[in-house]
Each structure stands twice: as C-alpha cells, then as structure tokens.
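Trainee: Got a structure for you, target_35.pdb, holding PDB, C-alpha atoms.
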ATOM      1  CA  MET J  90     -12.107   2.392   2.653
ATOM      2  CA  LYS J  91      -8.384   1.981   2.318
ATOM      3  CA  ASP J  92      -7.033  -1.331   1.124
ATOM      4  CA  LEU J  93      -5.096  -3.385   3.639
ATOM      5  CA  ASN J  94      -1.410  -3.576   2.733
ATOM      6  CA  PRO J  95      -1.014  -7.160   1.433
ATOM      7  CA  LEU J  96       2.625  -7.300   2.490
ATOM      8  CA  ILE J  97       1.675  -6.608   6.100
ATOM      9  CA  HIS J  98      -1.598  -8.553   6.025
ATOM     10  CA  SER J  99       0.211 -11.910   6.119
ATOM     11  CA  GLN J 100      -0.178 -13.360   9.609
ATOM     12  CA  LEU J 101       3.522 -13.988  10.197
ATOM     13  CA  ARG J 102       4.708 -10.674   8.741
ATOM     14  CA  LEU J 103       2.096  -8.860  10.823
ATOM     15  CA  SER J 104       3.372 -10.708  13.900
ATOM     16  CA  VAL J 105       6.982  -9.744  13.162
ATOM     17  CA  LEU J 106       6.077  -6.088  12.683
ATOM     18  CA  SER J 107       3.927  -6.084  15.824
ATOM     19  CA  ILE J 108       6.836  -7.429  17.841
ATOM     20  CA  LEU J 109       9.224  -4.871  16.383
ATOM     21  CA  MET J 110       6.813  -2.006  17.079
ATOM     22  CA  SER J 111       7.034  -2.792  20.779
ATOM     23  CA  VAL J 112      10.810  -3.223  21.123
ATOM     24  CA  GLU J 113      13.911  -1.411  19.889
ATOM     25  CA  GLU J 114      15.238  -4.593  18.302
ATOM     26  CA  ALA J 115      14.631  -8.325  18.357
ATOM     27  CA  ASP J 116      16.853 -11.214  17.429
ATOM     28  CA  PHE J 117      15.763 -14.064  15.215
ATOM     29  CA  MET J 118      15.464 -16.634  18.003
ATOM     30  CA  TYR J 119      13.262 -14.313  20.083
ATOM     31  CA  MET J 120      10.917 -13.760  17.135
ATOM     32  CA  LYS J 121      10.911 -17.463  16.313
ATOM     33  CA  GLN J 122       9.867 -18.236  19.879
ATOM     34  CA  LYS J 123       7.182 -15.524  19.986
ATOM     35  CA  THR J 124       5.678 -16.330  16.576
ATOM     36  CA  GLU J 125       6.091 -20.112  16.834
ATOM     37  CA  ALA J 126       7.152 -20.065  13.174
ATOM     38  CA  THR J 127       9.540 -22.459  11.539
ATOM     39  CA  THR J 128      13.067 -21.231  10.916
ATOM     40  CA  GLY J 129      12.625 -21.324   7.144
ATOM     41  CA  ASN J 130       9.273 -19.542   7.067
ATOM     42  CA  LEU J 131      10.389 -16.821   9.465
ATOM     43  CA  SER J 132      13.563 -16.281   7.448
ATOM     44  CA  VAL J 133      11.584 -15.874   4.210
ATOM     45  CA  GLN J 134       9.147 -13.405   5.785
ATOM     46  CA  ILE J 135      11.939 -11.342   7.349
ATOM     47  CA  THR J 136      13.610 -11.130   3.932
ATOM     48  CA  LYS J 137      10.360  -9.883   2.361
ATOM     49  CA  LEU J 138      10.000  -7.204   5.030
ATOM     50  CA  GLU J 139      13.626  -6.179   4.612
ATOM     51  CA  GLU J 140      13.281  -5.968   0.809
ATOM     52  CA  ALA J 141      10.224  -3.733   1.291
ATOM     53  CA  GLY J 142      12.307  -1.451   3.514
ATOM     54  CA  TYR J 143      10.066  -2.064   6.543
ATOM     55  CA  ILE J 144      12.795  -3.571   8.709
ATOM     56  CA  SER J 145      16.572  -3.541   8.821
ATOM     57  CA  VAL J 146      18.466  -6.772   9.402
ATOM     58  CA  GLU J 147      21.931  -7.026  10.893
ATOM     59  CA  LYS J 148      23.753 -10.352  10.747
ATOM     60  CA  THR J 149      26.710 -10.824  13.067
ATOM     61  CA  PHE J 150      28.395 -13.558  15.063
ATOM     62  CA  HIS J 151      28.214 -13.934  18.833
ATOM     63  CA  GLN J 152      30.493 -16.552  20.376
ATOM     64  CA  LYS J 153      30.994 -18.189  16.960
ATOM     65  CA  ARG J 154      27.241 -18.410  16.385
ATOM     66  CA  PRO J 155      25.330 -16.415  13.805
ATOM     67  CA  ARG J 156      23.043 -13.754  15.247
ATOM     68  CA  THR J 157      20.370 -11.945  13.258
ATOM     69  CA  VAL J 158      18.897  -8.769  14.746
ATOM     70  CA  CYS J 159      15.907  -6.954  13.254
ATOM     71  CA  ARG J 160      14.801  -3.372  13.767
ATOM     72  CA  MET J 161      11.807  -1.453  12.480
ATOM     73  CA  THR J 162      12.610   1.306   9.990
ATOM     74  CA  ASP J 163      10.798   4.636   9.777
ATOM     75  CA  ALA J 164       9.145   3.405   6.578
ATOM     76  CA  GLY J 165       8.059   0.262   8.407
ATOM     77  CA  ARG J 166       6.554   2.239  11.279
ATOM     78  CA  LYS J 167       4.660   4.420   8.813
ATOM     79  CA  ALA J 168       3.382   1.414   6.833
ATOM     80  CA  PHE J 169       2.354  -0.374  10.044
ATOM     81  CA  MET J 170       0.447   2.656  11.321
ATOM     82  CA  GLU J 171      -1.312   3.055   7.950
ATOM     83  CA  TYR J 172      -2.242  -0.633   8.088
ATOM     84  CA  VAL J 173      -3.673  -0.245  11.600
ATOM     85  CA  GLU J 174      -5.660   2.825  10.531
ATOM     86  CA  ALA J 175      -7.066   0.968   7.514
ATOM     87  CA  LEU J 176      -7.994  -2.003   9.703
ATOM     88  CA  GLN J 177      -9.685   0.327  12.178
ATOM     89  CA  GLY J 178     -11.761   1.669   9.299
ATOM     90  CA  TYR J 179     -12.994  -1.821   8.580
ATOM     91  CA  VAL J 180     -13.856  -2.763  12.163
ATOM     92  CA  ALA J 181     -15.027   0.600  13.540
ATOM     93  CA  PRO J 182     -18.668   0.127  12.495
ATOM     94  CA  PHE J 183     -18.829  -3.156  14.403
ATOM     95  CA  ILE J 184     -17.047  -1.877  17.487
ATOM     96  CA  SER J 185     -19.307   1.146  17.804
ATOM     97  CA  GLN J 186     -22.504  -0.909  17.758
ATOM     98  CA  THR J 187     -24.341  -1.344  21.012
ATOM     99  CA  GLU J 188     -24.595  -4.768  22.607
ATOM    100  CA  ASP J 189     -28.072  -5.011  21.136
ATOM    101  CA  PRO J 190     -27.725  -4.284  17.392
ATOM    102  CA  THR J 191     -31.531  -4.122  17.072
ATOM    103  CA  ALA J 192     -31.531  -1.042  19.342
ATOM    104  CA  THR J 193     -30.532   1.075  16.322
ATOM    105  CA  GLY J 194     -33.548  -0.156  14.390
ATOM    106  CA  GLU J 195     -31.370  -1.894  11.822
ATOM    107  CA  THR J 196     -32.156  -5.362  10.601
ATOM    108  CA  VAL J 197     -29.586  -7.942  11.656
ATOM    109  CA  PRO J 198     -28.905 -10.509   8.923
ATOM    110  CA  CYS J 199     -29.319 -14.143   9.943
TER     111      CYS J 199
END
Could you write out this file's structure as structure tokens?

Mentor:
Amino acid sequence: MKDLNPLIHSQLRLSVLSILMSVEEADFMYMKQKTEATTGNLSVQITKLEEAGYISVEKTFHQKRPRTVCRMTDAGRKAFMEYVEALQGYVAPFISQTEDPTATGETVPC
C-alpha cells in the first residue's frame, strides 16, 4: 500500500485542502470559520502548505484590512488526489465487506 502523505495527513491541513478542492479560492476568515482553528495554528498550516507548493497565498488589503486568499495549485490537486487514492487503498477492504463479516467465512477478531 502507498504511504499517506504526512504533510496532508494532518487534520487541519487536510481540512484546508478539502475546502480548497471544492472552491476556486477561500479567504483566511472563511477557512478559520469552517475549520474552527485558531488564527495562529491556521496561519502556520497555510504556510506549510504554501511552502510545499500545494496552495498559493495572496495577501492584499481590502478597506484598510489585510486579506489573505488561498487557492489550490495543480501540484496541490495532484497531491490531494494521490492522498485520497492511498486512503481508499487502506479502507477499501473494510468498505467492501458485507454487513455480516462472518458470511465470508473469515474469523472476526474480538
């Protein structure tokens, strides 16, 4: 089985990438609200994803207030999809089991 990408496997970084996979862009406050992360923790995780090349970050000002907007990069989309495929490899055997695991004749550990 493939190893799970440790950079993506962090709960908060996985949340950020999941959000960005479903939208064109997201600003910092939106992601903070959706992830329920602290400002400092979210900022650190966004920086790690940006340094990895998984997201791009644009910092501007809107009405004299700083605004940080994040977008998924092509490399980030590829890494996310590889992560999902690896995770599917881990869980597929459990998902494909029938409701009664003893129906296959296998012993179920207690």

Trainee: I'd like to know which of J:Val173, J:Met118, J:Val180, J:Met110 is closest to His98 of chain J, using all atoms listed in the file.

Mentor: J:Val173

Trainee: Could you pull the residues within 12 Å of Val133 of chain J, counting all atoms listed in the file, minus those fewer than 5 positions along the same chain, as a compact mmCIF listing (two decimals) with C-alpha atoms, in the frame of the given file?

Mentor:
# COMPACT_ATOMS: atom_id res chain seq x y z
CA LEU J 101 3.52 -13.99 10.20
CA ARG J 102 4.71 -10.67 8.74
CA VAL J 105 6.98 -9.74 13.16
CA PHE J 117 15.76 -14.06 15.22
CA ALA J 126 7.15 -20.07 13.17
CA THR J 127 9.54 -22.46 11.54
CA THR J 128 13.07 -21.23 10.92
CA LEU J 138 10.00 -7.20 5.03
CA GLU J 139 13.63 -6.18 4.61
CA GLU J 140 13.28 -5.97 0.81

Trainee: Could you list, as an MDAnalysis selection string, every residue within 8 Å of segment 92-97 of chain J, counting only C-alpha atoms and ignoring same-chain residues fewer than 3 positions away?

Mentor: chainID J and resid 100 102:103 106 138 169 172 175:176

Trainee: Calculate how many Å separate atom CA of His151 of chain J from atom CA of Lys137 of chain J, rounding to one decimal.

Mentor: 24.6 Å

Trainee: How big is the axis-aligned box around all listed atoms of segment 133-143 of chain J once 5 Å goes on each side, and where's its centre, in Å to one decimal, as lines of an AutoDock Vina configuration file?

Mentor:
center_x = 11.4
center_y = -8.7
center_z = 4.1
size_x = 14.5
size_y = 24.4
size_z = 16.5

Trainee: Between atom CA of Ile144 of chain J and atom CA of Val158 of chain J, what is the distance in Å, rounded to a tenth?

Mentor: 10.0 Å

Trainee: Can you measure atom CA of Ser132 of chain J to atom CA of Asp163 of chain J for me? One decimal in Å is fine.

Mentor: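 Atom-to-atom, atom CA of Ser132 of chain J and atom CA of Asp163 of chain J are spaced 21.2 Å apart.
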
Trainee: Would you mind listing what lies within 12 Å of Gln122 of chain J as a ChimeraX atom specification, with all atoms listed in the file counted and same-chain residues fewer than 6 positions away left out?

Mentor: /J:104-105,108,115-116,128,131

Trainee: Got time to write the residues from that selection, C-alpha atoms, as a PDB file, keeping the file's coordinate frame?

Mentor:
ATOM      1  CA  SER J 104       3.372 -10.708  13.900  1.00  0.00           C
ATOM      2  CA  VAL J 105       6.982  -9.744  13.162  1.00  0.00           C
ATOM      3  CA  ILE J 108       6.836  -7.429  17.841  1.00  0.00           C
ATOM      4  CA  ALA J 115      14.631  -8.325  18.357  1.00  0.00           C
ATOM      5  CA  ASP J 116      16.853 -11.214  17.429  1.00  0.00           C
ATOM      6  CA  THR J 128      13.067 -21.231  10.916  1.00  0.00           C
ATOM      7  CA  LEU J 131      10.389 -16.821   9.465  1.00  0.00           C
TER       8      LEU J 131
END

Trainee: Please determine, counting only C-alpha atoms, which residue among J:Lys123, J:Glu174, J:Pro182, J:Cys159 has the shortest atom-to-atom distance to Gly142 of chain J.

Mentor: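 The shortest atom-to-atom distance to Gly142 of chain J comes from J:Cys159.
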
Trainee: Kindly indicate which residue among J:Ser111, J:Thr124, J:Ser145, J:Ala181 lies nearest to Gly165 of chain J, using only C-alpha atoms for the distances.

Mentor: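 Ranking J:Ser111, J:Thr124, J:Ser145, J:Ala181 by distance to Gly165 of chain J, first place goes to J:Ser145.
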
Trainee: If you count all atoms listed in the file, which residues fall within 8 Å of Arg166 of chain J, apart from same-chain ones fewer than 4 positions away, as a VMD selection string?

Mentor: chain J and resid 110 143 161 to 162 170

Trainee: Counting only C-alpha atoms, which of J:Met120, J:Ile184, J:Val112, J:Ala141 gets nearest to Thr157 of chain J?

Mentor: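 For Thr157 of chain J, the nearest of the candidates is J:Met120.
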
Trainee: Using only C-alpha atoms, which residue out of J:Ser107, J:Ser99, J:Ser185, J:Thr149 lies closest to Gln134 of chain J?

Mentor: J:Ser99
